[in-house]
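Right, one structure below, let's go through it.
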Amino acid sequence: MKKRVLAILCSSVLAVSMLAGCGSAASNAPASAKTETKTETQTTEATDTSAPAKQTDGKNLPVLTTEPLTITLWDISTEEPNKSIAEAAVARFTADYPNITVNQVHQQNDTYKQQLIVAMSSGQCPNIYGHWGGGPMAEYYKSGHANDITEMYAKYDHPEYVDAAVAQSTFDGKMLAIPYSGLTGCDIFYNKTIFAELGLEVPTTIDELEAVCETLKANGIIPFTLANASKWTGSMYYMYLVARHSGNAEFDAAYTQENGGTFTSPAFIYAGEKIQEWVKKGYFPDGVNSLSADDNQDRALLYDGSAAMMLHGSWQVGGIKADNEEWYNENISVFRFPEDSEAKAAGVPQNVEIGTAIGMGMSFNCFKEDGSVDQELLDACYVLATQYFNDDTYNAAQVAAGTVPSIKGFNENIEDPNNKYIIDEFFKASNVQLWYDQYLPASVTEVHKNCMTELFGLEKTPKEIGEEQDAAMKKALAE
Amino acid sequence: MEKGRNIGLARAKARSTAKAATVFLLPALILIAIFIVYPVFDTFAISGFKWNGISADRIYNGLGNWKELLHDEMFWKSFEHNLIVMVCSILLQIPIGMLLATFLDAGGKKFNFFKIIWFLPYLMSSVAIAFLFVYALATNGGLISSLATIINGKRTTIDLLGKAPNALYTIIGVMAWQFTPFYMVYFIAGYGNIDTTIYEAAIIDGATRGQYLRHIAIPLLGPIFKTACTMSLIGSLKYFDMIWNMTQGGPAGTTELMATYMYKLSFQQFNMGYGSTVAAGMFILITAIALLFNKVFKVKEDY
């Protein structure tokens with residue numbers, strides 16, 4: 001019997017060894033970080049100090065050390081063309097500063113946030129790391145893994161970022177990141193061939209949108225394709241309906257939970273009820289909660305003509321084009337989320353857009369052992385991020401790849417008409433609301449995402465999910 | 001004299017065996033200590049802190065996390081899902097594995113083909129199985145929904161993964177598909193261990209094949225049954241990989257298991273301290289259930 005007890009104990013120990021892995025992140029993290037699929041760009045040669053012309057010459061920048069220095073950089077550019085764009089930026093930097101070595105590691109996107117947590121917890125945090133801003137950025141900063149670069153940003157040269165990008169790189173009045181990956185808008189893509197066949201006009205108000213949906217339904221076409229297994233996809237509808245009904249006011253209030261701010265305020269109830277009404281009317285595909293955006297099942301419904309519209313991020317332009325550019329050119333056009341005419345009459349701004357102004361930003365983790373700022377290292381990181389990432393070559397390559405840098409002036413000269421439309425709307429926006437699932441604290445995000453499943457699955461009422469989000473928000477604020 | 005030398009030899013042999021055993025076991029022991037024993041203790045240690053996983057300072061929280069765990073609805077809901085998975089797994093995987101094994105055992109060599117085919121699912125990685133079934137069960141273009149559409153003549157969706165309670169039972173089904181082959185092989189080995197003389201004796205005594213199975217072979221498999229159940233039990237309580245890749249605990253937490261909940265807390269919600277409490281709670285629950293199971297189902301080890 002004793003033996004058996006021991007055997008069971010052992011097997012349960014084995015069972016939790018996986019979980020224990022998290023608790024003891026410190027013990028195995030370095031190993032896992034090192035064995036990651038990574039590409040290191042190490043350019044140390046070139047002791048040729050006679051090379052005078054740097055691309056930073058004549059700019060107001062910190063003077064970088066001439067001593068050997070190593071920077072570790074993490075990004076998620078595992079795929080072309082982003083991979084070569086990012087590597088080229090590093091190569092230009094090391095060519096100008098041969099004494100500095102850059103360890104560039106491309107991490108897999110899917111597990112990137114977890115990798116970062118493991119690296120940070122084990123004291124292996126890279127000196128420069130990309131992230132999506134919002135709640136996690138605040139968390140990195142509060143835990144002492146992000147330098148406050150407000151002063152440097154004011155003092156030295158940097159690209160002229162659009163205001164929304166600066167706002168999204170800021171937390172608590174402190175500049176914490178340098179944007180490097182571009183704007184992402186969120187609008188409704190639609191099949192213009194179907195619209196033309198049925199004689200439909202692009203709707204400008206939500207009432208008109210509903211009329212369009214009715215016509216589509218009557219002709220056996222699903223109005224919206226939506227893959228809500230991913231949850232953040234359904235959240236786009238919720239966010240836009242809230243934004244059209246109340247601008248930023250009610251969300252901002254709910255975020256602080258002060259002065260009566262709550263996720264059960266009228267705009268949230270309105271958004272929830274609208275969505276459930278649309279679900280009941282069949283405006284979304286059946287089984288909406290099991291379709292996943294990860295494998296583009298929403299796009300698939302658009303491709304075979306079963307659905308006519310899709311509210312999605314502007315990265316879809318590149319995605320659909322890559323699948324079939326000819327089909328894209330013939331069939332796909334885009335319009336902004338229609339206005340709420342009642343709210344408009346009441347003076348609510350109708351040009352709040354959902355999306356992200358930075359895509360990803362780079363934060364710096366340059367501290368000495370004793371916790372003080374390692375200015376020498378930080379200077380080098382700052383120059384790399386602002387002058388080599390984000391330089392003309394980099395931006396031109398970004399534009400060629402279909403990404404619009406969040407730098408002023410880049411809304412000109414966009415060739416793709418849909419992209420142009422999206423970016424123009426973005427630049428016209430009075431405010432850009434970052435995706436809730438990036439903006440909210442991480443614990444609230446989880447609740448919010450589950451609420452989206454319950455909302456579209458008609459399992460809970462808008463009021464119930466509002467209360468759940470309130471509870472999560474209150475708890476997060478209390479911490 | 002002669003005798004004394006013998007004893008000396010035996011002792012020397014025992015001693016050298018002990019030495020050899022130590023040498024051979026040491027590497028494994030060290031690895032287990034580093035990667036299993038230490039993490040378990042560390043998990044319990046971290047469970048007393050309020051810690052986001054990345055900050056240098058951990059705030060000591062005493063039993064605060066544990067108190068929260070006791071009142072955490074989501075944790076107990078996950079535990080309940082684990083129990084459902086556990087019961088269903090034992091009820092599905094073991095009887096079916098047993099049936100298949102009996103069939104193969106009776107058929108002998110000529111059924112080797114089936115043996116190979118049936119064992120295949122177990123050879124696939126959980127992640128691959130998860131993706132396979134996500135595609136097969138997709139409401140758009142998936143196998144099941146497409147079939148339903150053909151049969152029904154119009155667009156029909158059968159939503160097996162996007163709705164409660166379908167999702168949990170679908171996953172239990174997929175798990176059974178994955179693990180039944182393992183128990184099948186396990187029982188084949190069990191049958192193989194039964195001495196042929198017992199079979200011969202039974203036949204000579206006039207037992208039919210069915211009687212032999214019912215009254216002799218199956219009772220003899222008792223200990224194997226019990227071990228199989230224990231394995232299935234622990235396996236279902238710690239289950240993570242496939243469910244993570246299929247639903248990530250969704251829709252709306254209806255397939256959340258303790259392990260997925262723990263992972264979300266620790267790595268997605270910056271709550272490593274409480275995540276460790278959940279992990280430690282799992283450790284306690286799994287050990288307790290396994291011990292209880294062993295106490296309740298006492299089977300004689302040998303025959």
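Here, A, B, ... name the chains of the structure tokens in the order displayed, residue numbers run from 1 inside each chain, and ligands are numbered from 1 in the same displayed order.
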
### Message
Applying 10 Å and only C-alpha atoms, which residues near A:Val399 remain after dropping the ones on its own chain fewer than 4 positions away? List them as a VMD selection string.
### Response
chain A and resid 182 394 to 395 403 to 405 410 413 to 415

### Query
Once you count only C-alpha atoms, which residues of chain B turn out to be within 6 Å of chain A? Could you give them as an NGL selection string?
:B and (36 or 39-40 or 43 or 53-55 or 139 or 159 or 161-162 or 238 or 251-252 or 267 or 269 or 276 or 279 or 283 or 287)

Once you have the residues from the selection above, write them out as an mmCIF file, in the first residue's frame, restricted to N, CA and C atoms.
data_model
loop_
_atom_site.group_PDB
_atom_site.id
_atom_site.type_symbol
_atom_site.label_atom_id
_atom_site.label_comp_id
_atom_site.auth_asym_id
_atom_site.auth_seq_id
_atom_site.Cartn_x
_atom_site.Cartn_y
_atom_site.Cartn_z
ATOM 1 N N ILE B 36 11.161 19.037 -10.966
ATOM 2 C CA ILE B 36 9.853 18.655 -10.440
ATOM 3 C C ILE B 36 9.711 18.993 -8.959
ATOM 4 N N PRO B 39 10.341 22.916 -8.284
ATOM 5 C CA PRO B 39 9.205 23.739 -8.748
ATOM 6 C C PRO B 39 7.946 23.565 -7.908
ATOM 7 N N VAL B 40 7.691 22.339 -7.457
ATOM 8 C CA VAL B 40 6.480 22.134 -6.651
ATOM 9 C C VAL B 40 6.572 22.951 -5.367
ATOM 10 N N THR B 43 6.285 26.587 -6.172
ATOM 11 C CA THR B 43 4.896 26.965 -6.467
ATOM 12 C C THR B 43 4.160 27.287 -5.177
ATOM 13 N N GLY B 53 4.415 38.538 -11.644
ATOM 14 C CA GLY B 53 5.220 37.655 -12.467
ATOM 15 C C GLY B 53 6.434 38.320 -13.067
ATOM 16 N N ILE B 54 6.442 39.641 -13.164
ATOM 17 C CA ILE B 54 7.587 40.295 -13.782
ATOM 18 C C ILE B 54 8.262 41.310 -12.870
ATOM 19 N N SER B 55 7.582 41.711 -11.848
ATOM 20 C CA SER B 55 8.133 42.748 -10.991
ATOM 21 C C SER B 55 9.184 42.154 -10.064
ATOM 22 N N THR B 139 -17.886 25.292 -38.071
ATOM 23 C CA THR B 139 -19.260 25.458 -38.547
ATOM 24 C C THR B 139 -19.280 25.903 -39.999
ATOM 25 N N ASP B 159 -23.148 23.330 -34.334
ATOM 26 C CA ASP B 159 -22.141 24.061 -33.572
ATOM 27 C C ASP B 159 -21.694 23.238 -32.375
ATOM 28 N N LEU B 161 -18.465 23.292 -30.997
ATOM 29 C CA LEU B 161 -17.423 23.877 -30.147
ATOM 30 C C LEU B 161 -17.762 25.280 -29.653
ATOM 31 N N GLY B 162 -18.781 25.896 -30.242
ATOM 32 C CA GLY B 162 -19.055 27.294 -29.906
ATOM 33 C C GLY B 162 -20.160 27.481 -28.892
ATOM 34 N N LYS B 238 -5.366 16.957 -14.892
ATOM 35 C CA LYS B 238 -4.307 17.922 -15.201
ATOM 36 C C LYS B 238 -4.380 18.351 -16.651
ATOM 37 N N PRO B 251 -16.321 28.367 -25.101
ATOM 38 C CA PRO B 251 -16.919 29.699 -25.071
ATOM 39 C C PRO B 251 -17.302 30.132 -23.652
ATOM 40 N N ALA B 252 -16.887 31.324 -23.322
ATOM 41 C CA ALA B 252 -17.229 31.945 -22.042
ATOM 42 C C ALA B 252 -16.937 31.044 -20.849
ATOM 43 N N PHE B 267 0.024 33.801 -17.013
ATOM 44 C CA PHE B 267 0.750 34.324 -18.157
ATOM 45 C C PHE B 267 -0.011 35.363 -18.967
ATOM 46 N N GLN B 269 -2.748 37.340 -17.433
ATOM 47 C CA GLN B 269 -3.367 38.368 -16.611
ATOM 48 C C GLN B 269 -2.421 38.947 -15.573
ATOM 49 N N SER B 276 -0.110 30.630 -9.129
ATOM 50 C CA SER B 276 0.595 29.583 -8.393
ATOM 51 C C SER B 276 -0.287 28.973 -7.320
ATOM 52 N N ALA B 279 -2.303 26.521 -9.050
ATOM 53 C CA ALA B 279 -1.489 25.337 -9.347
ATOM 54 C C ALA B 279 -1.327 24.474 -8.100
ATOM 55 N N PHE B 283 -2.640 20.690 -7.244
ATOM 56 C CA PHE B 283 -1.761 19.636 -6.725
ATOM 57 C C PHE B 283 -2.445 18.918 -5.569
ATOM 58 N N THR B 287 -3.907 15.041 -5.854
ATOM 59 C CA THR B 287 -3.354 14.036 -4.950
ATOM 60 C C THR B 287 -4.458 13.439 -4.087
#

### Task
Once DSSP has gone over the backbone, tell me which residues of stretch 192-249 of chain A are in helix (DSSP H, G or I), as a PyMOL selection string.
chain A and resi 192-197+206-218+228-230+232-246+249

### Task
Would you please work out which residue, of A:Thr264, A:Thr461, A:Asp187, A:Asp207, is nearest to A:Tyr237 when using only C-alpha atoms?
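Of all the options, A:Asp187 lies closest to A:Tyr237.
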
### Query
Within 7 Å of B:Trp51, counting only C-alpha atoms, which residues qualify if same-chain residues fewer than 5 places away don't, as a ChimeraX atom specification?
/B:58-59,271-273

Could those selected residues go to a file with C-alpha atoms, as an mmCIF file, in the first residue's frame?
data_model
loop_
_atom_site.group_PDB
_atom_site.id
_atom_site.type_symbol
_atom_site.label_atom_id
_atom_site.label_comp_id
_atom_site.auth_asym_id
_atom_site.auth_seq_id
_atom_site.Cartn_x
_atom_site.Cartn_y
_atom_site.Cartn_z
ATOM 1 C CA ARG B 58 6.696 40.342 -4.432
ATOM 2 C CA ILE B 59 4.289 41.416 -1.751
ATOM 3 C CA ASN B 271 -1.197 37.325 -11.728
ATOM 4 C CA MET B 272 1.573 34.814 -11.148
ATOM 5 C CA GLY B 273 1.040 34.757 -7.408
#

### Message
Could you tell me how far atom CA of A:Gly359 sits from atom CA of A:Asp57, in Å to one decimal place?
### Response
28.6 Å

### Task
Write down as a list of chain:residue names the residues of stretch 7-66 of chain B whose backbone DSSP state falls under strand (DSSP E).
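These are the residues in question: B:Phe49, B:Lys50, B:Ile59, B:Tyr60.
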
Any chance you can output those residues with C-alpha atoms as a tab-separated table (two decimals), in the first residue's frame?
chain	number	residue	atom	x	y	z
B	49	PHE	CA	2.64	36.28	-2.59
B	50	LYS	CA	0.88	38.94	-4.52
B	59	ILE	CA	4.29	41.42	-1.75
B	60	TYR	CA	3.76	38.81	0.94

Need the shell around stretch 75-83 of chain A: protein/DNA/RNA residues with any atom at most 12 Å away, counting only C-alpha atoms. Skip same-chain ones fewer than 5 positions apart. Format as a PDB file with C-alpha atoms, in the first residue's frame?
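Result file out-v7.pdb:
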ATOM      1  CA  GLU A  36      13.694  29.828 -28.907  1.00  0.00           C
ATOM      2  CA  THR A  37      13.524  29.820 -32.638  1.00  0.00           C
ATOM      3  CA  LYS A  38      15.548  32.872 -33.122  1.00  0.00           C
ATOM      4  CA  THR A  39      17.609  34.598 -35.681  1.00  0.00           C
ATOM      5  CA  GLU A  40      20.433  36.596 -34.366  1.00  0.00           C
ATOM      6  CA  THR A  41      21.842  39.366 -36.349  1.00  0.00           C
ATOM      7  CA  ALA A  88      17.971  45.950 -42.357  1.00  0.00           C
ATOM      8  CA  ALA A  89      17.312  48.676 -39.783  1.00  0.00           C
ATOM      9  CA  VAL A  90      19.613  46.937 -37.326  1.00  0.00           C
ATOM     10  CA  ASN A 103      21.257  40.735 -30.612  1.00  0.00           C
ATOM     11  CA  GLN A 104      18.047  40.745 -32.575  1.00  0.00           C
ATOM     12  CA  VAL A 105      15.663  37.957 -31.646  1.00  0.00           C
ATOM     13  CA  HIS A 106      12.469  37.346 -33.604  1.00  0.00           C
ATOM     14  CA  GLN A 107       9.924  35.767 -31.293  1.00  0.00           C
ATOM     15  CA  GLN A 108       6.801  33.934 -32.351  1.00  0.00           C
ATOM     16  CA  ASN A 109       3.790  36.202 -32.101  1.00  0.00           C
ATOM     17  CA  ASP A 110       1.458  33.626 -30.523  1.00  0.00           C
ATOM     18  CA  THR A 111       3.469  33.140 -27.362  1.00  0.00           C
ATOM     19  CA  TYR A 112       5.241  36.470 -27.364  1.00  0.00           C
ATOM     20  CA  LYS A 113       3.516  38.015 -24.352  1.00  0.00           C
ATOM     21  CA  GLN A 115       7.798  34.842 -23.395  1.00  0.00           C
ATOM     22  CA  LEU A 116       8.174  38.430 -22.272  1.00  0.00           C
ATOM     23  CA  PRO A 126      15.672  42.329 -23.444  1.00  0.00           C
ATOM     24  CA  ASN A 127      16.931  45.923 -23.654  1.00  0.00           C
ATOM     25  CA  ILE A 128      14.454  46.751 -26.392  1.00  0.00           C
ATOM     26  CA  TYR A 129      11.178  44.929 -26.826  1.00  0.00           C
ATOM     27  CA  GLY A 130       8.145  45.532 -28.961  1.00  0.00           C
ATOM     28  CA  HIS A 131       4.632  45.478 -27.509  1.00  0.00           C
ATOM     29  CA  TRP A 132       1.117  46.671 -28.290  1.00  0.00           C
ATOM     30  CA  TYR A 180       7.524  51.465 -35.106  1.00  0.00           C
ATOM     31  CA  SER A 181       4.886  49.448 -36.835  1.00  0.00           C
ATOM     32  CA  GLY A 182       2.155  51.661 -38.125  1.00  0.00           C
ATOM     33  CA  GLY A 318      -2.918  42.888 -47.004  1.00  0.00           C
ATOM     34  CA  GLY A 359       0.633  49.031 -33.986  1.00  0.00           C
ATOM     35  CA  MET A 360       3.598  48.132 -31.869  1.00  0.00           C
ATOM     36  CA  GLY A 361       5.902  50.320 -29.853  1.00  0.00           C
ATOM     37  CA  MET A 362       9.414  49.684 -28.586  1.00  0.00           C
ATOM     38  CA  SER A 363      10.061  50.087 -24.913  1.00  0.00           C
ATOM     39  CA  PHE A 389      13.786  52.005 -37.245  1.00  0.00           C
ATOM     40  CA  TYR A 394      12.449  51.775 -43.078  1.00  0.00           C
ATOM     41  CA  ASN A 395       9.289  53.763 -43.663  1.00  0.00           C
ATOM     42  CA  ALA A 397       9.733  49.572 -46.952  1.00  0.00           C
ATOM     43  CA  GLN A 398       6.805  49.654 -44.513  1.00  0.00           C
ATOM     44  CA  VAL A 399       4.660  51.535 -46.997  1.00  0.00           C
ATOM     45  CA  ALA A 400       5.618  49.101 -49.739  1.00  0.00           C
ATOM     46  CA  ALA A 401       4.466  46.290 -47.481  1.00  0.00           C
ATOM     47  CA  GLY A 402       1.090  47.965 -46.991  1.00  0.00           C
ATOM     48  CA  THR A 403       1.655  49.416 -43.529  1.00  0.00           C
TER      49      THR A 403
END

### Message
Applying 9 Å and only C-alpha atoms, which residues near stretch 341-351 of chain A remain after dropping the ones on its own chain fewer than 5 positions away? List them as a PyMOL selection string.
### Response
chain A and resi 205-207+243-248+425-426+428-432

Take the residues from that selection and put them in a file with N, CA and C atoms, as a PDB file, in the first residue's frame.
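Final output, saved to again.pdb:
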ATOM      1  N   THR A 205     -25.851  55.735 -41.781  1.00  0.00           N
ATOM      2  CA  THR A 205     -26.356  55.684 -40.416  1.00  0.00           C
ATOM      3  C   THR A 205     -26.661  54.239 -40.061  1.00  0.00           C
ATOM      4  N   ILE A 206     -26.777  53.990 -38.763  1.00  0.00           N
ATOM      5  CA  ILE A 206     -27.037  52.625 -38.316  1.00  0.00           C
ATOM      6  C   ILE A 206     -28.389  52.133 -38.832  1.00  0.00           C
ATOM      7  N   ASP A 207     -29.367  53.039 -38.931  1.00  0.00           N
ATOM      8  CA  ASP A 207     -30.673  52.649 -39.480  1.00  0.00           C
ATOM      9  C   ASP A 207     -30.534  52.163 -40.920  1.00  0.00           C
ATOM     10  N   ALA A 243     -18.962  53.599 -29.076  1.00  0.00           N
ATOM     11  CA  ALA A 243     -18.333  54.854 -29.505  1.00  0.00           C
ATOM     12  C   ALA A 243     -19.315  55.736 -30.268  1.00  0.00           C
ATOM     13  N   ARG A 244     -20.152  55.134 -31.118  1.00  0.00           N
ATOM     14  CA  ARG A 244     -21.103  55.939 -31.877  1.00  0.00           C
ATOM     15  C   ARG A 244     -22.198  56.507 -30.966  1.00  0.00           C
ATOM     16  N   HIS A 245     -22.515  55.780 -29.915  1.00  0.00           N
ATOM     17  CA  HIS A 245     -23.601  56.218 -29.037  1.00  0.00           C
ATOM     18  C   HIS A 245     -23.138  57.250 -28.026  1.00  0.00           C
ATOM     19  N   SER A 246     -21.846  57.208 -27.664  1.00  0.00           N
ATOM     20  CA  SER A 246     -21.407  58.100 -26.582  1.00  0.00           C
ATOM     21  C   SER A 246     -20.020  58.690 -26.782  1.00  0.00           C
ATOM     22  N   GLY A 247     -19.452  58.534 -27.980  1.00  0.00           N
ATOM     23  CA  GLY A 247     -18.082  59.010 -28.154  1.00  0.00           C
ATOM     24  C   GLY A 247     -17.159  58.234 -27.244  1.00  0.00           C
ATOM     25  N   ASN A 248     -16.215  58.932 -26.612  1.00  0.00           N
ATOM     26  CA  ASN A 248     -15.336  58.262 -25.659  1.00  0.00           C
ATOM     27  C   ASN A 248     -15.833  58.380 -24.225  1.00  0.00           C
ATOM     28  N   GLU A 425      -9.719  58.307 -42.826  1.00  0.00           N
ATOM     29  CA  GLU A 425     -10.670  58.325 -41.705  1.00  0.00           C
ATOM     30  C   GLU A 425      -9.914  58.411 -40.387  1.00  0.00           C
ATOM     31  N   PHE A 426      -8.823  57.691 -40.346  1.00  0.00           N
ATOM     32  CA  PHE A 426      -8.030  57.639 -39.138  1.00  0.00           C
ATOM     33  C   PHE A 426      -7.450  59.015 -38.796  1.00  0.00           C
ATOM     34  N   LYS A 428      -8.642  61.808 -39.726  1.00  0.00           N
ATOM     35  CA  LYS A 428      -9.736  62.750 -39.458  1.00  0.00           C
ATOM     36  C   LYS A 428     -10.343  62.531 -38.070  1.00  0.00           C
ATOM     37  N   ALA A 429     -10.062  61.401 -37.473  1.00  0.00           N
ATOM     38  CA  ALA A 429     -10.728  61.042 -36.225  1.00  0.00           C
ATOM     39  C   ALA A 429     -10.440  62.053 -35.121  1.00  0.00           C
ATOM     40  N   SER A 430     -11.473  62.333 -34.332  1.00  0.00           N
ATOM     41  CA  SER A 430     -11.263  63.232 -33.202  1.00  0.00           C
ATOM     42  C   SER A 430     -10.513  62.506 -32.107  1.00  0.00           C
ATOM     43  N   ASN A 431     -10.665  61.206 -32.090  1.00  0.00           N
ATOM     44  CA  ASN A 431     -10.000  60.417 -31.073  1.00  0.00           C
ATOM     45  C   ASN A 431      -9.903  58.984 -31.572  1.00  0.00           C
ATOM     46  N   VAL A 432      -8.860  58.300 -31.192  1.00  0.00           N
ATOM     47  CA  VAL A 432      -8.748  56.895 -31.561  1.00  0.00           C
ATOM     48  C   VAL A 432      -8.814  56.063 -30.292  1.00  0.00           C
TER      49      VAL A 432
END

### Message
Which residue is closest to A:Trp315? Choose from A:Val166, A:Ala211, A:Cys186, A:Cys366 and count only C-alpha atoms.
### Response
A:Cys186

For B:Met98, list every protein, DNA or RNA residue within 8 Å, evaluated using only C-alpha atoms, and leave out those in the same chain fewer than 2 positions away; present the list as a short mmCIF file (atom, residue, chain, number, x, y, z; two decimals) with C-alpha atoms, in the first residue's frame.
data_model
loop_
_atom_site.label_atom_id
_atom_site.label_comp_id
_atom_site.auth_asym_id
_atom_site.auth_seq_id
_atom_site.Cartn_x
_atom_site.Cartn_y
_atom_site.Cartn_z
CA ILE B 94 -11.41 2.36 -20.39
CA PRO B 95 -14.43 0.25 -21.45
CA ILE B 96 -13.85 0.98 -25.12
CA LEU B 100 -10.98 -3.28 -28.50
CA ALA B 101 -8.29 -5.17 -26.64
CA THR B 102 -10.59 -8.15 -26.12
CA TYR B 183 -5.72 1.82 -22.84
CA MET B 184 -6.30 -0.66 -25.64
CA PHE B 187 -5.16 -4.13 -21.85
#

### Shell around A:Ala380 at 12 Å using only C-alpha atoms, local window under 6 positions removed, as a count of residues only
33
